[in-house]
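**Student:** File protein05.cif follows (mmCIF, C-alpha atoms):
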```
data_model
#
loop_
_atom_site.label_atom_id
_atom_site.label_comp_id
_atom_site.auth_asym_id
_atom_site.auth_seq_id
_atom_site.Cartn_x
_atom_site.Cartn_y
_atom_site.Cartn_z
CA MET A 195 29.23 -22.72 -3.54
CA PRO A 196 28.77 -19.09 -4.55
CA LEU A 197 29.75 -16.38 -2.12
CA PRO A 198 26.77 -14.70 -0.42
CA LEU A 199 25.68 -11.69 -2.43
CA THR A 200 25.49 -8.29 -0.79
CA PRO A 201 22.19 -6.71 -1.80
CA VAL A 202 22.41 -3.40 -3.64
CA ILE A 203 19.73 -0.75 -3.24
CA THR A 204 19.31 2.58 -5.00
CA ALA A 205 18.85 5.98 -3.37
CA PHE A 206 18.67 9.60 -4.52
CA GLU A 207 22.01 11.07 -5.57
CA ARG A 208 20.83 14.39 -4.20
CA SER A 209 18.49 14.34 -1.25
CA PRO A 210 15.19 16.10 -1.99
CA ASP A 211 14.59 16.55 1.75
CA ARG A 212 18.15 17.60 2.60
CA GLY A 213 18.88 14.47 4.59
CA ARG A 214 15.79 14.44 6.79
CA GLY A 215 15.45 10.75 6.03
CA LEU A 216 12.02 10.86 4.37
CA ALA A 217 13.05 9.25 1.08
CA ARG A 218 11.95 5.64 0.91
CA ASP A 219 15.48 4.20 0.93
CA THR A 220 15.60 5.02 4.66
CA ARG A 221 12.96 2.37 5.41
CA VAL A 222 14.96 -0.24 3.59
CA ARG A 223 18.24 0.82 5.24
CA TRP A 224 16.44 0.61 8.59
CA ALA A 225 15.26 -2.94 7.86
CA PHE A 226 18.78 -4.00 6.87
CA GLU A 227 20.14 -2.50 10.09
CA GLU A 228 17.52 -4.21 12.27
CA VAL A 229 18.49 -7.63 10.96
CA GLY A 230 22.23 -6.98 10.61
CA GLN A 231 22.41 -7.50 6.84
CA PRO A 232 25.17 -5.49 5.11
CA TYR A 233 24.07 -3.69 1.95
CA GLU A 234 25.44 -1.46 -0.74
CA VAL A 235 23.91 1.69 -2.16
CA ARG A 236 24.02 2.95 -5.72
CA LEU A 237 23.08 6.61 -6.03
CA VAL A 238 20.85 7.65 -8.93
CA SER A 239 20.29 11.15 -10.29
CA PHE A 240 16.78 12.50 -10.89
CA ASP A 241 17.45 12.37 -14.63
CA ALA A 242 18.78 8.82 -14.59
CA MET A 243 15.75 7.62 -12.60
CA LYS A 244 13.55 8.32 -15.60
CA GLU A 245 15.86 6.70 -18.17
CA PRO A 246 15.44 3.15 -19.56
CA PRO A 247 18.24 1.46 -17.53
CA HIS A 248 16.63 2.48 -14.23
CA ARG A 249 13.10 1.94 -15.57
CA ALA A 250 14.13 -1.64 -16.28
CA LEU A 251 14.61 -2.04 -12.53
CA HIS A 252 11.72 0.17 -11.45
CA PRO A 253 8.86 0.69 -13.93
CA PHE A 254 7.67 3.81 -12.08
CA GLY A 255 11.10 5.47 -12.17
CA GLN A 256 11.54 5.78 -8.43
CA ILE A 257 13.87 4.66 -5.67
CA PRO A 258 14.57 2.37 -3.89
CA THR A 259 15.23 -0.74 -5.94
CA TYR A 260 16.76 -3.95 -4.61
CA GLU A 261 19.17 -6.18 -6.52
CA GLU A 262 20.47 -9.49 -5.25
CA GLY A 263 22.01 -11.50 -8.03
CA ALA A 264 19.30 -12.10 -10.64
CA LEU A 265 16.54 -10.87 -8.34
CA VAL A 266 15.28 -7.32 -8.85
CA LEU A 267 12.59 -5.86 -6.59
CA PHE A 268 11.08 -2.41 -6.17
CA GLU A 269 8.51 -0.89 -3.77
CA SER A 270 9.87 -0.20 -0.31
CA GLY A 271 7.12 -2.31 1.29
CA ALA A 272 8.01 -5.34 -0.81
CA ILE A 273 11.73 -4.89 -0.14
CA VAL A 274 11.21 -4.57 3.61
CA PHE A 275 9.04 -7.69 3.49
CA HIS A 276 11.69 -9.56 1.51
CA ILE A 277 14.30 -8.69 4.13
CA ALA A 278 11.91 -9.56 6.97
CA GLU A 279 11.13 -12.97 5.48
CA ARG A 280 14.79 -13.91 5.15
CA HIS A 281 16.09 -12.78 8.54
CA ALA A 282 14.90 -13.03 12.12
CA GLY A 283 13.84 -9.87 13.92
CA LEU A 284 11.15 -8.16 11.86
CA LEU A 285 8.32 -10.71 11.76
CA PRO A 286 7.13 -12.89 14.66
CA ASP A 287 7.53 -16.67 14.45
CA ASP A 288 3.94 -17.32 15.54
CA ALA A 289 1.79 -17.63 12.40
CA ASN A 290 -1.09 -15.49 13.65
CA ALA A 291 1.19 -12.77 15.02
CA ARG A 292 3.06 -12.81 11.71
CA GLY A 293 -0.21 -12.30 9.82
CA ARG A 294 -1.08 -9.35 12.03
CA ALA A 295 2.36 -7.76 11.56
CA ILE A 296 1.92 -8.06 7.78
CA THR A 297 -1.52 -6.46 8.16
CA TRP A 298 0.15 -3.44 9.78
CA MET A 299 2.64 -3.26 6.90
CA PHE A 300 -0.22 -2.95 4.43
CA ALA A 301 -2.13 -0.59 6.74
CA ALA A 302 0.88 1.74 6.92
CA LEU A 303 1.27 1.86 3.15
CA ASN A 304 -2.30 1.63 1.86
CA THR A 305 -4.39 3.31 4.59
CA VAL A 306 -2.15 5.73 6.51
CA GLU A 307 0.43 6.88 3.96
CA PRO A 308 -1.90 8.02 1.12
CA PRO A 309 -3.62 10.87 3.02
CA ILE A 310 -0.22 11.89 4.42
CA LEU A 311 1.29 11.98 0.93
CA ASP A 312 -1.62 14.16 -0.19
CA LEU A 313 -0.24 16.87 2.07
CA GLN A 314 3.06 16.81 0.21
CA THR A 315 1.37 16.52 -3.17
CA ALA A 316 -0.74 19.57 -2.33
CA LYS A 317 2.32 21.56 -1.29
CA PHE A 318 4.64 20.62 -4.14
CA LEU A 319 2.22 20.25 -7.04
CA GLU A 320 -0.58 22.63 -6.06
CA GLY A 321 1.15 25.10 -3.75
CA ASP A 322 0.82 27.88 -6.32
CA LYS A 323 -2.85 27.24 -7.07
CA SER A 324 -5.66 29.57 -6.03
CA TRP A 325 -7.36 26.83 -3.99
CA TYR A 326 -4.34 25.74 -1.98
CA ASP A 327 -5.03 27.65 1.24
CA GLU A 328 -8.73 26.88 1.30
CA ARG A 329 -8.25 23.19 0.52
CA LEU A 330 -5.42 22.53 2.97
CA PRO A 331 -7.66 22.12 6.06
CA LEU A 332 -9.61 19.37 4.28
CA VAL A 333 -6.40 17.50 3.52
CA LYS A 334 -5.24 17.85 7.12
CA ASP A 335 -8.58 16.68 8.50
CA ARG A 336 -8.39 13.52 6.43
CA ILE A 337 -5.00 12.84 7.99
CA ARG A 338 -6.43 13.55 11.45
CA ASP A 339 -9.14 10.95 10.86
CA ARG A 340 -6.51 8.28 10.32
CA LEU A 341 -4.24 9.47 13.12
CA GLY A 342 -7.12 9.49 15.60
CA GLU A 343 -8.01 5.91 14.71
CA LEU A 344 -4.41 4.80 14.89
CA SER A 345 -3.93 6.59 18.20
CA ASN A 346 -7.00 4.83 19.64
CA ARG A 347 -5.71 1.45 18.59
CA LEU A 348 -2.17 2.01 19.86
CA GLY A 349 -3.33 3.26 23.26
CA ASN A 350 -0.54 2.93 25.81
CA ALA A 351 1.28 0.14 23.99
CA ASP A 352 4.86 0.51 22.82
CA TRP A 353 4.22 -1.07 19.41
CA LEU A 354 1.16 -1.90 17.34
CA ASP A 355 1.00 -5.62 18.13
CA GLY A 356 3.37 -6.99 20.74
CA ALA A 357 7.06 -6.76 19.86
CA PHE A 358 8.48 -4.31 17.31
CA SER A 359 7.89 -5.61 13.78
CA ALA A 360 8.16 -4.63 10.12
CA GLY A 361 4.66 -3.22 10.59
CA ASP A 362 5.99 -0.73 13.13
CA LEU A 363 9.01 0.00 10.96
CA LEU A 364 6.77 1.04 8.07
CA MET A 365 4.20 2.83 10.23
CA VAL A 366 6.86 4.92 11.99
CA SER A 367 8.46 5.67 8.60
CA VAL A 368 5.13 6.89 7.26
CA LEU A 369 4.35 9.00 10.34
CA LEU A 370 7.79 10.61 10.24
CA ARG A 371 6.61 12.47 7.13
CA LEU A 372 4.32 14.50 9.41
CA LYS A 373 7.01 15.81 11.74
CA ALA A 374 7.30 19.21 10.07
CA SER A 375 3.52 19.67 9.90
CA GLY A 376 2.93 19.61 13.66
CA LEU A 377 0.00 17.22 13.13
CA LEU A 378 1.70 14.45 15.05
CA ASP A 379 1.92 16.65 18.14
CA GLU A 380 -1.88 16.49 18.42
CA TYR A 381 -1.57 12.78 19.31
CA PRO A 382 0.93 12.39 22.17
CA ASN A 383 0.94 8.60 22.07
CA LEU A 384 1.74 8.65 18.35
CA SER A 385 4.52 11.20 18.90
CA ALA A 386 5.98 8.94 21.56
CA TYR A 387 5.60 5.93 19.25
CA VAL A 388 7.54 7.66 16.50
CA ALA A 389 10.18 8.77 19.01
CA ARG A 390 10.57 5.14 20.14
CA GLY A 391 11.20 4.16 16.54
CA GLU A 392 13.74 6.93 16.05
CA ALA A 393 15.53 5.91 19.25
CA ARG A 394 16.26 2.40 17.99
CA PRO A 395 19.98 1.97 17.24
CA ALA A 396 19.15 0.46 13.84
CA TYR A 397 17.10 3.51 12.86
CA LYS A 398 19.91 5.81 13.99
CA ARG A 399 22.40 3.97 11.83
CA ALA A 400 20.05 4.08 8.84
CA PHE A 401 19.39 7.76 9.35
CA ALA A 402 23.10 8.54 9.63
CA ALA A 403 23.83 6.58 6.46
CA GLN A 404 21.25 8.44 4.38
CA LEU A 405 22.34 11.77 5.88
CA ALA A 406 25.94 11.04 4.90
CA VAL A 407 24.87 11.04 1.24
CA PHE A 408 23.64 14.60 1.65
CA THR A 409 26.49 15.94 3.76
CA GLY A 410 29.13 14.01 1.82
CA GLN A 411 30.58 12.72 5.09
CA GLN A 412 30.96 9.14 6.21
CA PRO A 413 28.72 8.25 9.16
CA ALA A 414 30.63 7.94 12.42
CA GLY A 415 31.67 4.55 13.68
CA MET B 89 -8.25 -32.73 15.44
CA PRO B 90 -10.43 -29.60 15.10
CA LEU B 91 -12.59 -29.23 12.03
CA PRO B 92 -11.17 -26.81 9.45
CA LEU B 93 -12.52 -23.32 10.07
CA THR B 94 -14.31 -21.48 7.30
CA PRO B 95 -12.92 -17.93 7.19
CA VAL B 96 -15.44 -15.13 7.70
CA ILE B 97 -15.02 -11.78 5.97
CA THR B 98 -17.04 -8.60 6.31
CA ALA B 99 -18.62 -6.60 3.51
CA PHE B 100 -20.94 -3.60 3.21
CA GLU B 101 -24.56 -4.32 4.08
CA ARG B 102 -25.58 -1.80 1.44
CA SER B 103 -23.32 -1.44 -1.58
CA PRO B 104 -22.03 2.12 -2.00
CA ASP B 105 -21.34 1.44 -5.68
CA ARG B 106 -24.60 -0.42 -6.37
CA GLY B 107 -22.90 -3.74 -6.92
CA ARG B 108 -20.22 -2.62 -9.39
CA GLY B 109 -17.73 -4.63 -7.37
CA LEU B 110 -15.43 -1.78 -6.35
CA ALA B 111 -15.65 -2.35 -2.60
CA ARG B 112 -12.56 -4.05 -1.26
CA ASP B 113 -14.33 -7.26 -0.26
CA THR B 114 -14.43 -8.16 -3.98
CA ARG B 115 -10.63 -8.58 -4.07
CA VAL B 116 -10.76 -10.95 -1.15
CA ARG B 117 -13.70 -12.90 -2.60
CA TRP B 118 -11.73 -13.16 -5.86
CA ALA B 119 -8.69 -14.56 -4.04
CA PHE B 120 -10.85 -17.14 -2.26
CA GLU B 121 -12.39 -18.16 -5.58
CA GLU B 122 -9.01 -18.45 -7.31
CA VAL B 123 -7.77 -20.92 -4.71
CA GLY B 124 -11.07 -22.70 -4.11
CA GLN B 125 -11.40 -21.79 -0.43
CA PRO B 126 -15.01 -21.53 0.80
CA TYR B 127 -15.76 -18.44 2.89
CA GLU B 128 -18.58 -16.80 4.74
CA VAL B 129 -19.59 -13.16 4.66
CA ARG B 130 -20.97 -11.07 7.49
CA LEU B 131 -22.60 -7.86 6.30
CA VAL B 132 -21.97 -4.69 8.27
CA SER B 133 -23.94 -1.43 8.15
CA PHE B 134 -22.18 1.91 7.72
CA ASP B 135 -23.13 2.79 11.30
CA ALA B 136 -21.90 -0.51 12.75
CA MET B 137 -18.56 -0.13 10.95
CA LYS B 138 -17.74 2.84 13.15
CA GLU B 139 -18.84 1.22 16.42
CA PRO B 140 -16.48 -0.43 18.94
CA PRO B 141 -17.25 -4.09 18.09
CA HIS B 142 -16.22 -3.60 14.46
CA ARG B 143 -13.38 -1.24 15.41
CA ALA B 144 -11.99 -4.07 17.53
CA LEU B 145 -11.58 -6.02 14.29
CA HIS B 146 -10.63 -3.08 12.09
CA PRO B 147 -9.13 -0.01 13.78
CA PHE B 148 -9.93 2.19 10.77
CA GLY B 149 -13.60 1.18 10.73
CA GLN B 150 -13.63 -0.26 7.23
CA ILE B 151 -14.31 -3.51 5.41
CA PRO B 152 -13.14 -6.16 4.71
CA THR B 153 -11.97 -7.95 7.83
CA TYR B 154 -10.92 -11.59 8.00
CA GLU B 155 -11.62 -13.93 10.90
CA GLU B 156 -10.34 -17.48 11.15
CA GLY B 157 -10.63 -18.81 14.66
CA ALA B 158 -8.55 -16.56 16.89
CA LEU B 159 -6.90 -14.80 13.95
CA VAL B 160 -8.25 -11.39 12.93
CA LEU B 161 -6.81 -9.54 9.96
CA PHE B 162 -7.79 -6.38 8.10
CA GLU B 163 -6.46 -4.59 4.97
CA SER B 164 -7.45 -6.26 1.72
CA GLY B 165 -3.80 -6.55 0.66
CA ALA B 166 -2.86 -8.41 3.82
CA ILE B 167 -5.88 -10.70 3.55
CA VAL B 168 -5.17 -11.53 -0.09
CA PHE B 169 -1.56 -12.24 0.87
CA HIS B 170 -2.67 -14.47 3.75
CA ILE B 171 -4.85 -16.49 1.37
CA ALA B 172 -2.08 -16.60 -1.24
CA GLU B 173 0.47 -17.90 1.27
CA ARG B 174 -1.77 -20.74 2.42
CA HIS B 175 -3.02 -22.03 -0.93
CA ALA B 176 -1.45 -22.77 -4.29
CA GLY B 177 -2.37 -20.61 -7.25
CA LEU B 178 -1.70 -16.98 -6.35
CA LEU B 179 2.05 -16.89 -5.72
CA PRO B 180 4.74 -18.69 -7.74
CA ASP B 181 6.79 -21.44 -6.10
CA ASP B 182 10.10 -20.02 -7.37
CA ALA B 183 11.49 -17.72 -4.67
CA ASN B 184 12.50 -14.89 -7.01
CA ALA B 185 9.24 -14.98 -8.94
CA ARG B 186 7.38 -14.98 -5.64
CA GLY B 187 9.29 -11.86 -4.52
CA ARG B 188 8.38 -10.12 -7.79
CA ALA B 189 4.70 -11.04 -7.44
CA ILE B 190 4.69 -9.57 -3.93
CA THR B 191 6.36 -6.45 -5.34
CA TRP B 192 3.40 -6.04 -7.70
CA MET B 193 0.99 -6.44 -4.79
CA PHE B 194 2.63 -3.50 -3.02
CA ALA B 195 2.92 -1.53 -6.28
CA ALA B 196 -0.82 -1.92 -6.88
CA LEU B 197 -1.72 -0.69 -3.40
CA ASN B 198 0.96 1.89 -2.63
CA THR B 199 1.88 3.35 -6.05
CA VAL B 200 -1.09 2.87 -8.39
CA GLU B 201 -4.14 2.97 -6.11
CA PRO B 202 -3.47 6.26 -4.23
CA PRO B 203 -3.69 8.59 -7.27
CA ILE B 204 -6.75 6.64 -8.47
CA LEU B 205 -8.43 7.01 -5.09
CA ASP B 206 -7.75 10.75 -5.25
CA LEU B 207 -10.20 10.91 -8.14
CA GLN B 208 -12.94 9.46 -5.94
CA THR B 209 -11.92 11.57 -2.96
CA ALA B 210 -12.12 14.68 -5.15
CA LYS B 211 -15.57 13.73 -6.41
CA PHE B 212 -17.14 12.66 -3.13
CA LEU B 213 -15.48 15.01 -0.65
CA GLU B 214 -14.70 18.04 -2.82
CA GLY B 215 -17.25 17.77 -5.62
CA ASP B 216 -19.10 20.83 -4.32
CA LYS B 217 -16.01 23.00 -3.89
CA SER B 218 -15.18 25.98 -6.09
CA TRP B 219 -11.89 24.43 -7.20
CA TYR B 220 -13.24 21.03 -8.24
CA ASP B 221 -13.47 21.59 -12.01
CA GLU B 222 -10.14 23.37 -12.29
CA ARG B 223 -8.29 20.85 -10.14
CA LEU B 224 -9.70 17.70 -11.75
CA PRO B 225 -7.30 17.71 -14.77
CA LEU B 226 -4.32 17.71 -12.37
CA VAL B 227 -5.70 14.69 -10.54
CA LYS B 228 -6.31 12.87 -13.82
CA ASP B 229 -2.83 13.67 -15.13
CA ARG B 230 -1.26 12.16 -12.02
CA ILE B 231 -3.22 8.97 -12.76
CA ARG B 232 -2.09 9.09 -16.40
CA ASP B 233 1.54 9.26 -15.26
CA ARG B 234 1.14 5.97 -13.44
CA LEU B 235 -0.96 4.31 -16.14
CA GLY B 236 1.58 5.23 -18.82
CA GLU B 237 4.39 3.68 -16.79
CA LEU B 238 2.37 0.57 -16.05
CA SER B 239 1.34 0.28 -19.71
CA ASN B 240 4.98 0.49 -20.80
CA ARG B 241 5.99 -2.24 -18.41
CA LEU B 242 3.12 -4.57 -19.28
CA GLY B 243 3.68 -4.25 -23.03
CA ASN B 244 2.12 -7.16 -24.86
CA ALA B 245 2.24 -9.55 -21.92
CA ASP B 246 -0.89 -11.12 -20.49
CA TRP B 247 0.13 -10.55 -16.87
CA LEU B 248 2.71 -8.41 -15.07
CA ASP B 249 5.29 -11.13 -14.45
CA GLY B 250 4.72 -14.53 -16.00
CA ALA B 251 1.64 -16.37 -14.78
CA PHE B 252 -1.35 -14.67 -13.15
CA SER B 253 -0.56 -13.88 -9.50
CA ALA B 254 -1.90 -12.06 -6.47
CA GLY B 255 -0.05 -9.03 -7.90
CA ASP B 256 -2.30 -9.11 -10.97
CA LEU B 257 -5.36 -9.73 -8.83
CA LEU B 258 -4.71 -6.55 -6.85
CA MET B 259 -3.59 -4.49 -9.87
CA VAL B 260 -6.70 -5.39 -11.88
CA SER B 261 -8.84 -4.65 -8.82
CA VAL B 262 -7.27 -1.21 -8.50
CA LEU B 263 -7.58 -0.41 -12.21
CA LEU B 264 -11.25 -1.45 -12.23
CA ARG B 265 -11.93 1.69 -10.21
CA LEU B 266 -11.16 3.70 -13.38
CA LYS B 267 -13.72 2.04 -15.64
CA ALA B 268 -16.33 4.77 -15.32
CA SER B 269 -13.75 7.55 -15.85
CA GLY B 270 -12.76 6.50 -19.37
CA LEU B 271 -9.08 6.91 -18.40
CA LEU B 272 -8.37 3.24 -18.91
CA ASP B 273 -9.50 3.46 -22.54
CA GLU B 274 -6.46 5.65 -23.26
CA TYR B 275 -4.23 2.61 -22.67
CA PRO B 276 -5.49 -0.29 -24.82
CA ASN B 277 -3.11 -2.84 -23.33
CA LEU B 278 -4.27 -1.95 -19.81
CA SER B 279 -7.93 -2.18 -20.87
CA ALA B 280 -7.24 -5.62 -22.28
CA TYR B 281 -5.36 -6.57 -19.10
CA VAL B 282 -8.32 -5.61 -16.94
CA ALA B 283 -10.68 -7.46 -19.29
CA ARG B 284 -8.52 -10.59 -18.95
CA GLY B 285 -8.88 -10.31 -15.20
CA GLU B 286 -12.64 -9.87 -15.39
CA ALA B 287 -12.91 -12.87 -17.72
CA ARG B 288 -11.43 -15.25 -15.16
CA PRO B 289 -14.08 -17.64 -13.81
CA ALA B 290 -12.95 -16.90 -10.25
CA TYR B 291 -13.47 -13.16 -10.76
CA LYS B 292 -16.90 -13.77 -12.25
CA ARG B 293 -17.95 -15.82 -9.23
CA ALA B 294 -16.63 -13.15 -6.86
CA PHE B 295 -18.39 -10.40 -8.78
CA ALA B 296 -21.68 -12.32 -8.80
CA ALA B 297 -21.43 -12.96 -5.06
CA GLN B 298 -20.92 -9.29 -4.20
CA LEU B 299 -23.65 -8.25 -6.65
CA ALA B 300 -26.07 -10.66 -4.99
CA VAL B 301 -25.77 -8.65 -1.77
CA PHE B 302 -27.00 -5.59 -3.63
CA THR B 303 -29.75 -7.24 -5.67
CA GLY B 304 -30.80 -9.52 -2.83
CA GLN B 305 -30.62 -12.52 -5.14
CA GLN B 306 -28.49 -15.60 -4.81
CA PRO B 307 -25.79 -15.84 -7.49
CA ALA B 308 -26.57 -18.46 -10.12
CA GLY B 309 -24.86 -21.84 -9.87
#
```
Would you mind writing the file out in structure tokens?

**Tutor:**
Amino acid sequence: MPLPLTPVITAFERSPDRGRGLARDTRVRWAFEEVGQPYEVRLVSFDAMKEPPHRALHPFGQIPTYEEGALVLFESGAIVFHIAERHAGLLPDDANARGRAITWMFAALNTVEPPILDLQTAKFLEGDKSWYDERLPLVKDRIRDRLGELSNRLGNADWLDGAFSAGDLLMVSVLLRLKASGLLDEYPNLSAYVARGEARPAYKRAFAAQLAVFTGQQPAG
Amino acid sequence: MPLPLTPVITAFERSPDRGRGLARDTRVRWAFEEVGQPYEVRLVSFDAMKEPPHRALHPFGQIPTYEEGALVLFESGAIVFHIAERHAGLLPDDANARGRAITWMFAALNTVEPPILDLQTAKFLEGDKSWYDERLPLVKDRIRDRLGELSNRLGNADWLDGAFSAGDLLMVSVLLRLKASGLLDEYPNLSAYVARGEARPAYKRAFAAQLAVFTGQQPAG
């Protein structure tokens, strides 16, 4: 019988956000930590990400990738789902509750993340353009539309649908991108929701591990 | 034993694209048709979509939703996945191939669709702004980046990873949004890929069914 394989993921060799944990490997690290699955990380430079060997793993030249023997996956959502399907703790056993948790995974990535990413796209790719200042409020209002709807649905609940799930893991990860913008502060229940995610021991371990790449220090304990 | 429930989805009462099939109910109809699952459609007006009864089904006030007894889902990706998990034909049996097909589902919705949607957002929400004409080439180039990478990966293959899967269903659905822009024509293998999707009998039935809502006529056959 073959020994169990330790999955290997890729992450940025140099952190573009200086260890704030916004790169997409953090979501995958978090999922591993929630279910107690050890993993290894291979760091990739920005140049190497665009070269054929990495493109063979990830056609869009990004991180993270996931390798487990002959299996190669990319897309953080798909990797988190793969982990959640194989271990207890991230998807409910009840079939209907499981379907709803998966719905929140897709909602985080296809409905909530795109307008949030537009804010970063505007800053990094259009920050020097003449229209940047005038256009920014439109971009922010489109984010507010989504946050308002999400805030209404969450209400006073701790998590989006019962117990913490992979849907919450991805939604919190997506909302964390807004921390620096102040937009999250306009929705106290969403701020508290994100804080609950950050307070989970598994998130703290994942955050420390990605930060250690930037600081060059091993995470404590 | 209870009778099997026919799932009910929602779709626009009036087609915003005049029946070109770009609303997200088409993807779900296509998935139903691929697996041979009958379904019912409840049409929703633009006003009703934003009212509490529909918001209870879909917190972001959109279509499609999916109802099957007590189960309520939203997000076209999650609904397609739900259908694919319960019927043969949209996900491979082999565990690794299944993981790769799911990866393409997420890639379609989280990596390829967002820059494509930006083109529509720019047109509909910023078409009257002073920066529209100057900014448009940037938006199109971001789409070209993704299309070039996808084109390289697809190569001469018929589908993204072996047999047609829910990953192809979603990717073709996303790329169809580009038909009017002419951008797809710059990548002959992607144009052919989309045409292969459109040529599938299941897609044709789904397209006819959504068109019938707009024309007010029953689809033939």

**Student:** Please determine the contact residues of chain B with respect to chain A at a cut-off of 6 Å, counting only C-alpha atoms, and supply them as a list in words.

**Tutor:**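 The selection requested is Phe148, Leu159, Ala166, Asn184, Thr191, Leu197, Asn198, Pro202 and Glu237 of chain B.
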
**Student:** Could you work out how far atom CA of A:Pro258 lies from atom CA of A:Thr220, giving the answer in Å with one decimal?

**Tutor:** 9.0 Å

**Student:** Neighbouring residues of stretch 268-281 of chain B were defined as those with any atom within 7 Å, considering all atoms listed in the file; residues of the same chain fewer than 6 positions away were excluded. Please report them as JSON, numbers by chain.

**Tutor:** {"B": [239, 243, 244, 246]}

**Student:** Which residue, A:Ser359, A:Thr200, A:Ser239, A:Val368, has the smallest gap to A:Gly263 when you use only C-alpha atoms?

**Tutor:** A:Thr200

**Student:** What is the atom CA of A:Glu227-atom CA of B:Asp249 distance in Å, reported with one decimal?

**Tutor:**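 Spanning atom CA of A:Glu227 to atom CA of B:Asp249 is a straight-line distance of 30.0 Å.
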
**Student:** I would like the residues chosen by the PyMOL selection byres ((chain B and resi 285-300) around 7) on the shown file; could you give them as JSON, numbers by chain?

**Tutor:** {"B": [107, 109, 114, 117, 118, 121, 122, 260, 281, 282, 283, 284, 301, 302, 303, 304, 305, 306, 307]}

**Student:** Please compute the atom CA of B:Pro104-atom CA of B:Arg265 distance, one decimal, in Å.

**Tutor:**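 Rounded to one decimal, the two atoms are 13.0 Å apart.
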
**Student:** Can you turn the PyMOL selection byres ((chain A and resi 277) around 9) into a concrete residue list for this file, as a list in words?

**Tutor:** Val222, Ala225, Phe226, Val229, Gln231, Ala272, Ile273, Val274, Phe275, His276, Ala278, Glu279, Arg280, His281 and Leu284 of chain A

**Student:** What's around B:Arg130 at 9 Å? Count all atoms listed in the file, leave out sequence neighbours fewer than 3 positions away in its own chain, and write the answer as a PyMOL selection string.

**Tutor:** chain B and resi 96-101

**Student:** Please identify all polymer residues within 8 Å of A:Leu313, counting all atoms listed in the file, omitting same-chain residues fewer than 5 positions from it, and present them as a list in words.

**Tutor:** Leu330, Val333 and Lys334 of chain A
